[in-house]
4 protein chains.
Amino acid sequence: MKYTIFGESHGMAIGVVLEGVPPALELDLEQVQRELDRRAPGKNSLSTARKESDTVHVLSGLFEGKTTGAPLCMVIYNSDQHSTDYDSIRYTPRPSHGDYAGFLASLGCNDYRGGGHFSGRLTAPLVAAGAVAKQLLAGRGVWVGAHISAVYGILDRAMDDPEELRALAGSSFPVLDEAKGEEMRQAILEAKEAQDSVGGSIECAVVGLPGGHGGPDFGRNAEGIFSQYLFAVPAVKAVGFGAGVSFAYLRGSEANDPFTVENGQIRTKTNLSGGVNGGITNGMPVVFEVTLRPTPSIALPQESVDLRTGEEVEIEIKGRHDPCIVQRAVPVIEAAAALAACEVLGI
Amino acid sequence: MKYTIFGESHGMAIGVVLEGVPPALELDLEQVQRELDRRAPGKNSLSTARKESDTVHVLSGLFEGKTTGAPLCMVIYNSDQHSTDYDSIRYTPRPSHGDYAGFLASLGCNDYRGGGHFSGRLTAPLVAAGAVAKQLLAGRGVWVGAHISAVYGILDRAMDDPEELRALAGSSFPVLDEAKGEEMRQAILEAKEAQDSVGGSIECAVVGLPGGHGGPDFGRNAEGIFSQYLFAVPAVKAVGFGAGVSFAYLRGSEANDPFTVENGQIRTKTNLSGGVNGGITNGMPVVFEVTLRPTPSIALPQESVDLRTGEEVEIEIKGRHDPCIVQRAVPVIEAAAALAACEVLGI
Amino acid sequence: MKYTIFGESHGMAIGVVLEGVPPALELDLEQVQRELDRRAPGKNSLSTARKESDTVHVLSGLFEGKTTGAPLCMVIYNSDQHSTDYDSIRYTPRPSHGDYAGFLASLGCNDYRGGGHFSGRLTAPLVAAGAVAKQLLAGRGVWVGAHISAVYGILDRAMDDPEELRALAGSSFPVLDEAKGEEMRQAILEAKEAQDSVGGSIECAVVGLPGGHGGPDFGRNAEGIFSQYLFAVPAVKAVGFGAGVSFAYLRGSEANDPFTVENGQIRTKTNLSGGVNGGITNGMPVVFEVTLRPTPSIALPQESVDLRTGEEVEIEIKGRHDPCIVQRAVPVIEAAAALAACEVLGI
Amino acid sequence: MKYTIFGESHGMAIGVVLEGVPPALELDLEQVQRELDRRAPGKNSLSTARKESDTVHVLSGLFEGKTTGAPLCMVIYNSDQHSTDYDSIRYTPRPSHGDYAGFLASLGCNDYRGGGHFSGRLTAPLVAAGAVAKQLLAGRGVWVGAHISAVYGILDRAMDDPEELRALAGSSFPVLDEAKGEEMRQAILEAKEAQDSVGGSIECAVVGLPGGHGGPDFGRNAEGIFSQYLFAVPAVKAVGFGAGVSFAYLRGSEANDPFTVENGQIRTKTNLSGGVNGGITNGMPVVFEVTLRPTPSIALPQESVDLRTGEEVEIEIKGRHDPCIVQRAVPVIEAAAALAACEVLGI
């Protein structure tokens, strides 16, 4: 299965083509829509006021409610666009946004309106594709869950067991410790107040993956496959499996996962490896954390350069933006993880 | 250019085939050998006593000293093997090593001796391939440097400018702050004394990459490409670009890189983005940090399971092992980065 | 550049996503539409009476008339469908059509209406993608031309020089010898009269490709690349380069192309190799012939099997069908050739 | 499974790396060697006098006689080289050989000795890889057979049933009609006598492939996959499935394969489709014919150009060459077909 996302934030439509979808899946389109709704903005003061209807239309690959194996194309038509808000950024790229790199890559021909193809809005089709992947995984007893592990340095409590994530599936701000969640929301509102934004991280688990999938080599390595899907999510700047960056603080005797037998099954007592050894799943949940940068679009004045004149200029970004995209990114990370898990399983 | 590594730690040979090598490169084989020597163990008390001659033989793709464009195959024949050391691990997998996952993936047919195809020894051909990539990059004014950024929680000082890495090119233990390096080496020797191991991290920079390469989408995303190469290096468990995991502690106003003009060139004043925005290089050095787990092979007793009987057993790993592989991994990470940079550039 | 076609004959839409389109191409949408019109049926008595408006809509990847480098999605909405014509074929597959193989591959879930995703109608988005490829090639001095080389055993005269194909660019029935073309049309009308169909072949040339592109190896071989694109066109059953199947009748002294120098350029006096040696373009036009089977949908009674009961049954195919698809396939083959040429050139 | 061939005719070695080999295959190395011996020259007056020992060495991926799932590298060391025979061709390319195209592609750096990486000798590792593929297919009840269908216009009789090919498995000159075979050999010897060469064709069948594998789309199309493997064999210039080029002479009523039921299995009475409809296997044997050009290396004087001076020159090719490579190509085509079948089956 391979996904291709197309579209621009202020173009006619955004969408995704999924190739290699196994046939005969009874696709639950309402579940696809529910996943899109989880990602949609405009629900509360924590995210941008931009409304996005994000209604998914299936153009192909589905017949009498079932996948046919032919490419599945899902489209979301755009609406509620304030394109004129963006005229000012055309030649004065926003710091740490894709504007300047995109200008270079497109030889100056990128659709700059709302970030164009670089917009976070393009994560909507990714969520739709991920919803299909989740349904395929469910048929194999695999599920994906996640929680916000940090916002602006405020850490959620450590996860004891991925099973804890099941209860968070419906939450619009999934945390294990609600008190920490409240602190995080406070930090987001303060950043919003200050015309600023905040970063954070998400911990995600893929539960039920059988062991023995992947390989040590480039191209087949399970961690490499997951990371490629995760870094394709805008704003993701770091990915760590299991103990992740903490391994730099540990000894082998602390970091190794002792084997044990539970109900006749070989397991490890801890899962600091995050479910992967030697690039191959070991039968434990695949657990990883991604770090998301603060939304680069902030209302404070910033230093840019006029691409026409080459002169330094100060810019103020207009438009409606998210003071934090971590909470909205949760279903996106889950979607990327579901697609990665399908690739690891050879679906 | 695409690399394929083959071989096993205690088999006849290890090697690599590089497809798509541009023709007419005058290959400096001595430089390839020097890079291999940087990685080789047995040089001091910090690494395994296993000697590896690691002499590279070019089987194909080179004619009259120049690449022909045909696949370049480089082979290293094995020697100094103590295969009998490993008989005991055949059915009692070492915790957090690839043994158990590899057993599952191979249906019990993996070459268990010395980790077989999962061995860190397989990084030698990766270094050889990376040496070719470095020579190709050099022709375009691109170079790769790295330093040990942490060992067992002891952090090297922050890098002010990637240019600092030039001076470390020849070092067997490259750090910016020698005092910190001494502390790190002390920590490694203490772990060795305690029959244990320690983890750490490496910061790496690819300098001279032009802006505009890569893309936001899966498969073309520069961070996704780099991460895939990096996670294919055994023991790498986390990858972060620029500020990496620190973005979770920052506000946008702190995390954004202001634009400026230097000598008529558009640059950013800081490089917290690590040279990539929207999945595309922005002209600044690509900077990232990888975290390596402590060597899972430690001499202390550990809990395993006998794969034949399904019973829990205690094992003691024999053989010669590295108490820390971070210092030996430096040329390996550079090699992976060089290969990734070639892909990003379309070489 | 990579294309992905989606859609079904009687679904909501058919379309194509082109990834990796170089940016800054001023896309001539009228030329795209003209190519689609060349392929459209319903123009004369030689093809199906089904009308297809085939108006192309660009959903993404185009901004202010230029490609942006982001995926280019083009969609054609379906109309004039007689879906009920096809109810009878659901469980009684048409001989030599994709019905039965598609039934197996989709586990019985294929959209059978009008052939679904297997329909010749899916060549419309291919033509649209090819039109983009042609415009990219034109910027490099490369053009694609074709003529009908045979219908039902009636052969067009041999092509002396690919330049002859320029004059045929606008023709709806391109042949070098109009008398032969008239015979071919007669044969098609006779087959139609007899409720039957006829096969044929198309000779195509890609002119202006520089030498030195491709490689002998699998995956880079120019002939292998072309063939993969060509066999993805429904009804194509054979592909031959240069002298093609005639090589089996020749001696080396007859089959070899002698070198010569023309205006300081190295050329070959003949081009029996069809512009490729050792899997690499040699600077001469790439010339190949594809054979297309007779339309499998014929009105005569045929032997099928009821997939529900496993019993042999006689079927009569209703609906409107082409007695010959060779003439309509000409722009399709050109499109596939243009896309292949882009891959060979590394576009 | 993916193969990469490396090496040059007069270099140190030739070989192949097979990635993605399923684990736990008990590899019969003697069968691999037997396949290589079928291809080896020097056995009779019909082929070059060059002796090639072609002993295969497995460098990796095999442990205790079984595949491990790690890359399988097989190497054949070179011997009996008359490199000096080729000095004269360095700058005067042989007509219709890969010399000139290779010179362009390699920027003049190709290993010209014996054709270097373009040599027919590189089909030896392909045969070795194909032998592994054949063993994998055998485990699924799939086998590959072939016969020489034409040499210099002398046609073998038509094949009634692919089962006829079983009896030819051991033959060094496999034909269905021995009298025709004798004519063919006569034609080869006459060509040899005349310092010339002859072309021909091979018909090949893959028997036992289940239906439902492949797809209509580019990249998954069974005919596209087969053709890509087949055109990677040097000298192959045309590929046709089932009736192939004859479809251009047929009506639908003649070309369609009527369905029938045999022993409760759905079959077709004829197999003019060659086992593939809509790009998907239909359960019938996959049957195709490839056309091979006459060996371009002939001893007669030929017209070339001196690449240094740009002047037209006459050349005479020295060295030992095959007056016909069709008979030696039989195991090569079978090998390519076996590898293609593995890809179609998702092995």
# chains A, B, ... in the order shown; residues from 1 in each chain; ligands from 1
>>> closest_atom_pairs(of="chain A", to="chain D", cutoff="10 Å", atoms="only C-alpha atoms", output="JSON lines")
{"residue": "A:Glu19", "atom": "CA", "partner": "D:Asp217", "partner_atom": "CA", "distance": 9.6}
{"residue": "A:Gly20", "atom": "CA", "partner": "D:Arg220", "partner_atom": "CA", "distance": 9.1}
{"residue": "A:Gly69", "atom": "CA", "partner": "D:Gly215", "partner_atom": "CA", "distance": 8.9}
{"residue": "A:Ala70", "atom": "CA", "partner": "D:Gly215", "partner_atom": "CA", "distance": 8.4}
{"residue": "A:Pro71", "atom": "CA", "partner": "D:Asp217", "partner_atom": "CA", "distance": 9.1}
{"residue": "A:Gly215", "atom": "CA", "partner": "D:Ala70", "partner_atom": "CA", "distance": 8.4}
{"residue": "A:Pro216", "atom": "CA", "partner": "D:Ala70", "partner_atom": "CA", "distance": 8.8}
{"residue": "A:Asp217", "atom": "CA", "partner": "D:Ala70", "partner_atom": "CA", "distance": 8.6}
{"residue": "A:Arg220", "atom": "CA", "partner": "D:Gly20", "partner_atom": "CA", "distance": 9.1}
{"residue": "A:Gly346", "atom": "CA", "partner": "D:Gly346", "partner_atom": "CA", "distance": 9.8}
>>> select_by_dssp(residues="segment 194-247 of chain D", states="strand (DSSP E)", output="PyMOL selection string")
chain D and resi 200-207+236-241
>>> write_last_selection(atoms="C-alpha atoms", output="CSV table (one decimal), in the first residue's frame")
chain,number,residue,atom,x,y,z
D,200,GLY,CA,16.2,-16.3,-33.3
D,201,SER,CA,13.5,-16.6,-30.7
D,202,ILE,CA,12.6,-18.5,-27.6
D,203,GLU,CA,9.1,-19.4,-26.4
D,204,CYS,CA,8.9,-19.8,-22.6
D,205,ALA,CA,6.1,-20.9,-20.3
D,206,VAL,CA,5.6,-20.5,-16.6
D,207,VAL,CA,3.3,-23.2,-15.5
D,236,VAL,CA,16.3,-9.4,-26.4
D,237,LYS,CA,14.6,-6.9,-28.7
D,238,ALA,CA,10.9,-8.1,-28.6
D,239,VAL,CA,8.5,-9.7,-26.2
D,240,GLY,CA,5.0,-10.9,-26.9
D,241,PHE,CA,2.5,-12.7,-24.7
>>> residues_around(residues="Ala336 of chain A", least_positions_apart="2", cutoff="7 Å", atoms="only C-alpha atoms", output="PyMOL selection string")
chain A and resi 130+229-230+332-334+338-340
>>> closest_atom_pairs(of="segment 158-249 of chain B", to="segment 132-152 of chain B", cutoff="10 Å", atoms="only C-alpha atoms", output="Markdown table")
| residue | atom | partner | partner_atom | distance |
| --- | --- | --- | --- | --- |
| B:Ala158 | CA | B:Ser149 | CA | 8.1 |
| B:Met159 | CA | B:Ser149 | CA | 9.1 |
| B:Pro162 | CA | B:Gly145 | CA | 7.6 |
| B:Glu163 | CA | B:Gly145 | CA | 8.6 |
| B:Glu164 | CA | B:Gly145 | CA | 8.9 |
| B:Leu165 | CA | B:Gly145 | CA | 5.3 |
| B:Arg166 | CA | B:Gly145 | CA | 6.5 |
| B:Ala167 | CA | B:Gly145 | CA | 9.2 |
| B:Leu168 | CA | B:His147 | CA | 7.4 |
| B:Ala169 | CA | B:Gly145 | CA | 6.8 |
| B:Ser171 | CA | B:His147 | CA | 9.4 |
| B:Phe173 | CA | B:Ile148 | CA | 7.4 |
| B:Pro174 | CA | B:His147 | CA | 5.0 |
| B:Val175 | CA | B:His147 | CA | 5.2 |
| B:Leu176 | CA | B:His147 | CA | 7.1 |
| B:Asp177 | CA | B:Ser149 | CA | 9.9 |
| B:Lys180 | CA | B:Ala150 | CA | 9.0 |
| B:Gly181 | CA | B:Ile148 | CA | 8.4 |
| B:Glu183 | CA | B:Val151 | CA | 8.9 |
| B:Met184 | CA | B:Val151 | CA | 5.6 |
| B:Arg185 | CA | B:Val151 | CA | 8.4 |
| B:Ala187 | CA | B:Tyr152 | CA | 7.0 |
| B:Ile188 | CA | B:Val151 | CA | 8.0 |
| B:Ala191 | CA | B:Tyr152 | CA | 9.6 |
| B:Ser197 | CA | B:Tyr152 | CA | 9.1 |
| B:Val198 | CA | B:Tyr152 | CA | 5.6 |
| B:Gly199 | CA | B:Tyr152 | CA | 5.5 |
| B:Gly200 | CA | B:Val151 | CA | 4.0 |
| B:Ser201 | CA | B:Ala150 | CA | 4.9 |
| B:Ile202 | CA | B:Ile148 | CA | 4.5 |
| B:Glu203 | CA | B:Ala146 | CA | 5.6 |
| B:Cys204 | CA | B:Ala146 | CA | 4.1 |
| B:Ala205 | CA | B:Gly145 | CA | 5.4 |
| B:Val206 | CA | B:Val144 | CA | 4.5 |
| B:Val207 | CA | B:Trp143 | CA | 5.4 |
| B:Gly208 | CA | B:Val142 | CA | 4.5 |
| B:Leu209 | CA | B:Val142 | CA | 5.9 |
| B:Pro210 | CA | B:Val142 | CA | 8.9 |
>>> closest_residue(among="D:Val17, D:Leu29, D:Ile154, D:Leu46", to="Arg320 of chain D", atoms="only C-alpha atoms")
D:Leu46
>>> select_by_dssp(residues="segment 150-242 of chain C", states="alpha helix (DSSP H)", output="list in words")
Glu178, Ala179, Lys180, Gly181, Glu182, Glu183, Met184, Arg185, Gln186, Ala187, Ile188, Leu189, Glu190, Ala191, Lys192, Glu193, Ala222, Glu223, Gly224, Ile225, Phe226, Ser227, Gln228, Tyr229, Leu230 and Phe231 of chain C
>>> residues_around(residues="segment 96-100 of chain C", least_positions_apart="2", cutoff="9 Å", atoms="only C-alpha atoms", output="mmCIF file with N, CA and C atoms, in the first residue's frame")
data_model
loop_
_atom_site.group_PDB
_atom_site.id
_atom_site.type_symbol
_atom_site.label_atom_id
_atom_site.label_comp_id
_atom_site.auth_asym_id
_atom_site.auth_seq_id
_atom_site.Cartn_x
_atom_site.Cartn_y
_atom_site.Cartn_z
ATOM 1 N N ILE C 89 -22.984 -9.256 -17.040
ATOM 2 C CA ILE C 89 -21.617 -9.817 -17.068
ATOM 3 C C ILE C 89 -21.042 -10.037 -15.683
ATOM 4 N N ARG C 90 -21.763 -9.622 -14.650
ATOM 5 C CA ARG C 90 -21.183 -9.661 -13.310
ATOM 6 C C ARG C 90 -20.592 -11.014 -12.975
ATOM 7 N N TYR C 91 -21.340 -12.060 -13.225
ATOM 8 C CA TYR C 91 -20.864 -13.389 -12.842
ATOM 9 C C TYR C 91 -20.580 -14.274 -14.038
ATOM 10 N N THR C 92 -20.592 -13.687 -15.235
ATOM 11 C CA THR C 92 -20.266 -14.471 -16.435
ATOM 12 C C THR C 92 -19.210 -13.701 -17.218
ATOM 13 N N PRO C 93 -17.968 -13.914 -16.859
ATOM 14 C CA PRO C 93 -16.889 -13.095 -17.401
ATOM 15 C C PRO C 93 -16.767 -13.187 -18.919
ATOM 16 N N ARG C 94 -16.460 -12.056 -19.523
ATOM 17 C CA ARG C 94 -16.262 -11.997 -20.962
ATOM 18 C C ARG C 94 -14.907 -12.610 -21.327
ATOM 19 N N GLY C 102 -9.724 -10.148 -12.906
ATOM 20 C CA GLY C 102 -10.055 -9.099 -11.942
ATOM 21 C C GLY C 102 -10.927 -9.610 -10.818
ATOM 22 N N PHE C 103 -11.817 -10.532 -11.150
ATOM 23 C CA PHE C 103 -12.661 -11.156 -10.126
ATOM 24 C C PHE C 103 -11.785 -11.890 -9.113
ATOM 25 N N LEU C 104 -10.813 -12.636 -9.613
ATOM 26 C CA LEU C 104 -9.912 -13.379 -8.729
ATOM 27 C C LEU C 104 -9.080 -12.429 -7.877
ATOM 28 N N ALA C 105 -8.515 -11.423 -8.526
ATOM 29 C CA ALA C 105 -7.599 -10.523 -7.810
ATOM 30 C C ALA C 105 -8.327 -9.720 -6.741
ATOM 31 N N ASN C 110 -14.598 -6.637 -7.497
ATOM 32 C CA ASN C 110 -14.312 -5.647 -8.535
ATOM 33 C C ASN C 110 -15.582 -4.943 -8.997
ATOM 34 N N TYR C 112 -17.583 -4.268 -11.700
ATOM 35 C CA TYR C 112 -17.681 -4.940 -13.003
ATOM 36 C C TYR C 112 -18.283 -4.024 -14.071
ATOM 37 N N GLY C 115 -16.302 -2.742 -17.096
ATOM 38 C CA GLY C 115 -14.907 -3.131 -16.924
ATOM 39 C C GLY C 115 -14.257 -2.458 -15.730
ATOM 40 N N PHE C 118 -10.570 -1.672 -15.101
ATOM 41 C CA PHE C 118 -9.879 -2.323 -16.223
ATOM 42 C C PHE C 118 -10.291 -1.722 -17.567
ATOM 43 N N SER C 119 -11.242 -0.815 -17.511
ATOM 44 C CA SER C 119 -11.804 -0.272 -18.747
ATOM 45 C C SER C 119 -10.776 0.488 -19.565
ATOM 46 N N THR C 295 -10.398 -6.000 -29.848
ATOM 47 C CA THR C 295 -11.250 -5.733 -28.691
ATOM 48 C C THR C 295 -11.897 -7.036 -28.252
ATOM 49 N N PRO C 296 -11.725 -7.447 -27.009
ATOM 50 C CA PRO C 296 -12.343 -8.712 -26.595
ATOM 51 C C PRO C 296 -13.867 -8.623 -26.508
ATOM 52 N N SER C 297 -14.387 -7.392 -26.346
ATOM 53 C CA SER C 297 -15.852 -7.250 -26.273
ATOM 54 C C SER C 297 -16.442 -7.305 -27.677
ATOM 55 N N LEU C 307 -19.836 -17.806 -12.507
ATOM 56 C CA LEU C 307 -18.928 -17.896 -11.365
ATOM 57 C C LEU C 307 -19.644 -18.334 -10.096
ATOM 58 N N GLY D 212 -5.114 -14.398 -10.490
ATOM 59 C CA GLY D 212 -5.393 -13.307 -9.552
ATOM 60 C C GLY D 212 -4.178 -12.526 -9.105
ATOM 61 N N PRO D 216 -3.896 -4.215 -13.308
ATOM 62 C CA PRO D 216 -3.884 -3.502 -14.588
ATOM 63 C C PRO D 216 -2.902 -2.328 -14.598
ATOM 64 N N ALA D 255 -9.455 -14.549 -31.588
ATOM 65 C CA ALA D 255 -8.417 -14.271 -30.596
ATOM 66 C C ALA D 255 -8.870 -14.519 -29.168
ATOM 67 N N ASN D 256 -10.179 -14.537 -28.946
ATOM 68 C CA ASN D 256 -10.654 -14.708 -27.576
ATOM 69 C C ASN D 256 -10.544 -16.159 -27.124
ATOM 70 N N ASP D 257 -10.270 -16.335 -25.859
ATOM 71 C CA ASP D 257 -10.137 -17.669 -25.279
ATOM 72 C C ASP D 257 -11.444 -18.050 -24.583
ATOM 73 N N PRO D 258 -12.217 -18.999 -25.145
ATOM 74 C CA PRO D 258 -13.493 -19.371 -24.516
ATOM 75 C C PRO D 258 -13.259 -20.032 -23.155
ATOM 76 N N PHE D 259 -14.133 -19.715 -22.228
ATOM 77 C CA PHE D 259 -14.036 -20.354 -20.912
ATOM 78 C C PHE D 259 -14.614 -21.754 -20.959
ATOM 79 N N LEU D 272 -4.545 -18.112 -26.022
ATOM 80 C CA LEU D 272 -3.955 -17.074 -26.874
ATOM 81 C C LEU D 272 -3.596 -15.836 -26.066
ATOM 82 N N SER D 273 -4.215 -15.692 -24.907
ATOM 83 C CA SER D 273 -3.902 -14.554 -24.032
ATOM 84 C C SER D 273 -2.569 -14.756 -23.325
ATOM 85 N N VAL D 276 -2.479 -14.153 -19.186
ATOM 86 C CA VAL D 276 -2.648 -12.856 -18.530
ATOM 87 C C VAL D 276 -3.777 -12.092 -19.208
ATOM 88 N N ASN D 277 -4.713 -11.599 -18.406
ATOM 89 C CA ASN D 277 -5.749 -10.681 -18.902
ATOM 90 C C ASN D 277 -5.826 -9.496 -17.953
ATOM 91 N N GLY D 278 -5.918 -8.320 -18.531
ATOM 92 C CA GLY D 278 -5.996 -7.130 -17.689
ATOM 93 C C GLY D 278 -4.788 -6.975 -16.786
ATOM 94 N N GLY D 279 -3.660 -7.546 -17.222
ATOM 95 C CA GLY D 279 -2.438 -7.432 -16.426
ATOM 96 C C GLY D 279 -2.374 -8.387 -15.252
ATOM 97 N N ILE D 280 -3.343 -9.292 -15.175
ATOM 98 C CA ILE D 280 -3.457 -10.207 -14.032
ATOM 99 C C ILE D 280 -3.419 -11.646 -14.536
ATOM 100 N N ASN D 282 -4.438 -15.350 -15.097
ATOM 101 C CA ASN D 282 -5.789 -15.925 -15.131
ATOM 102 C C ASN D 282 -5.802 -17.415 -14.799
#
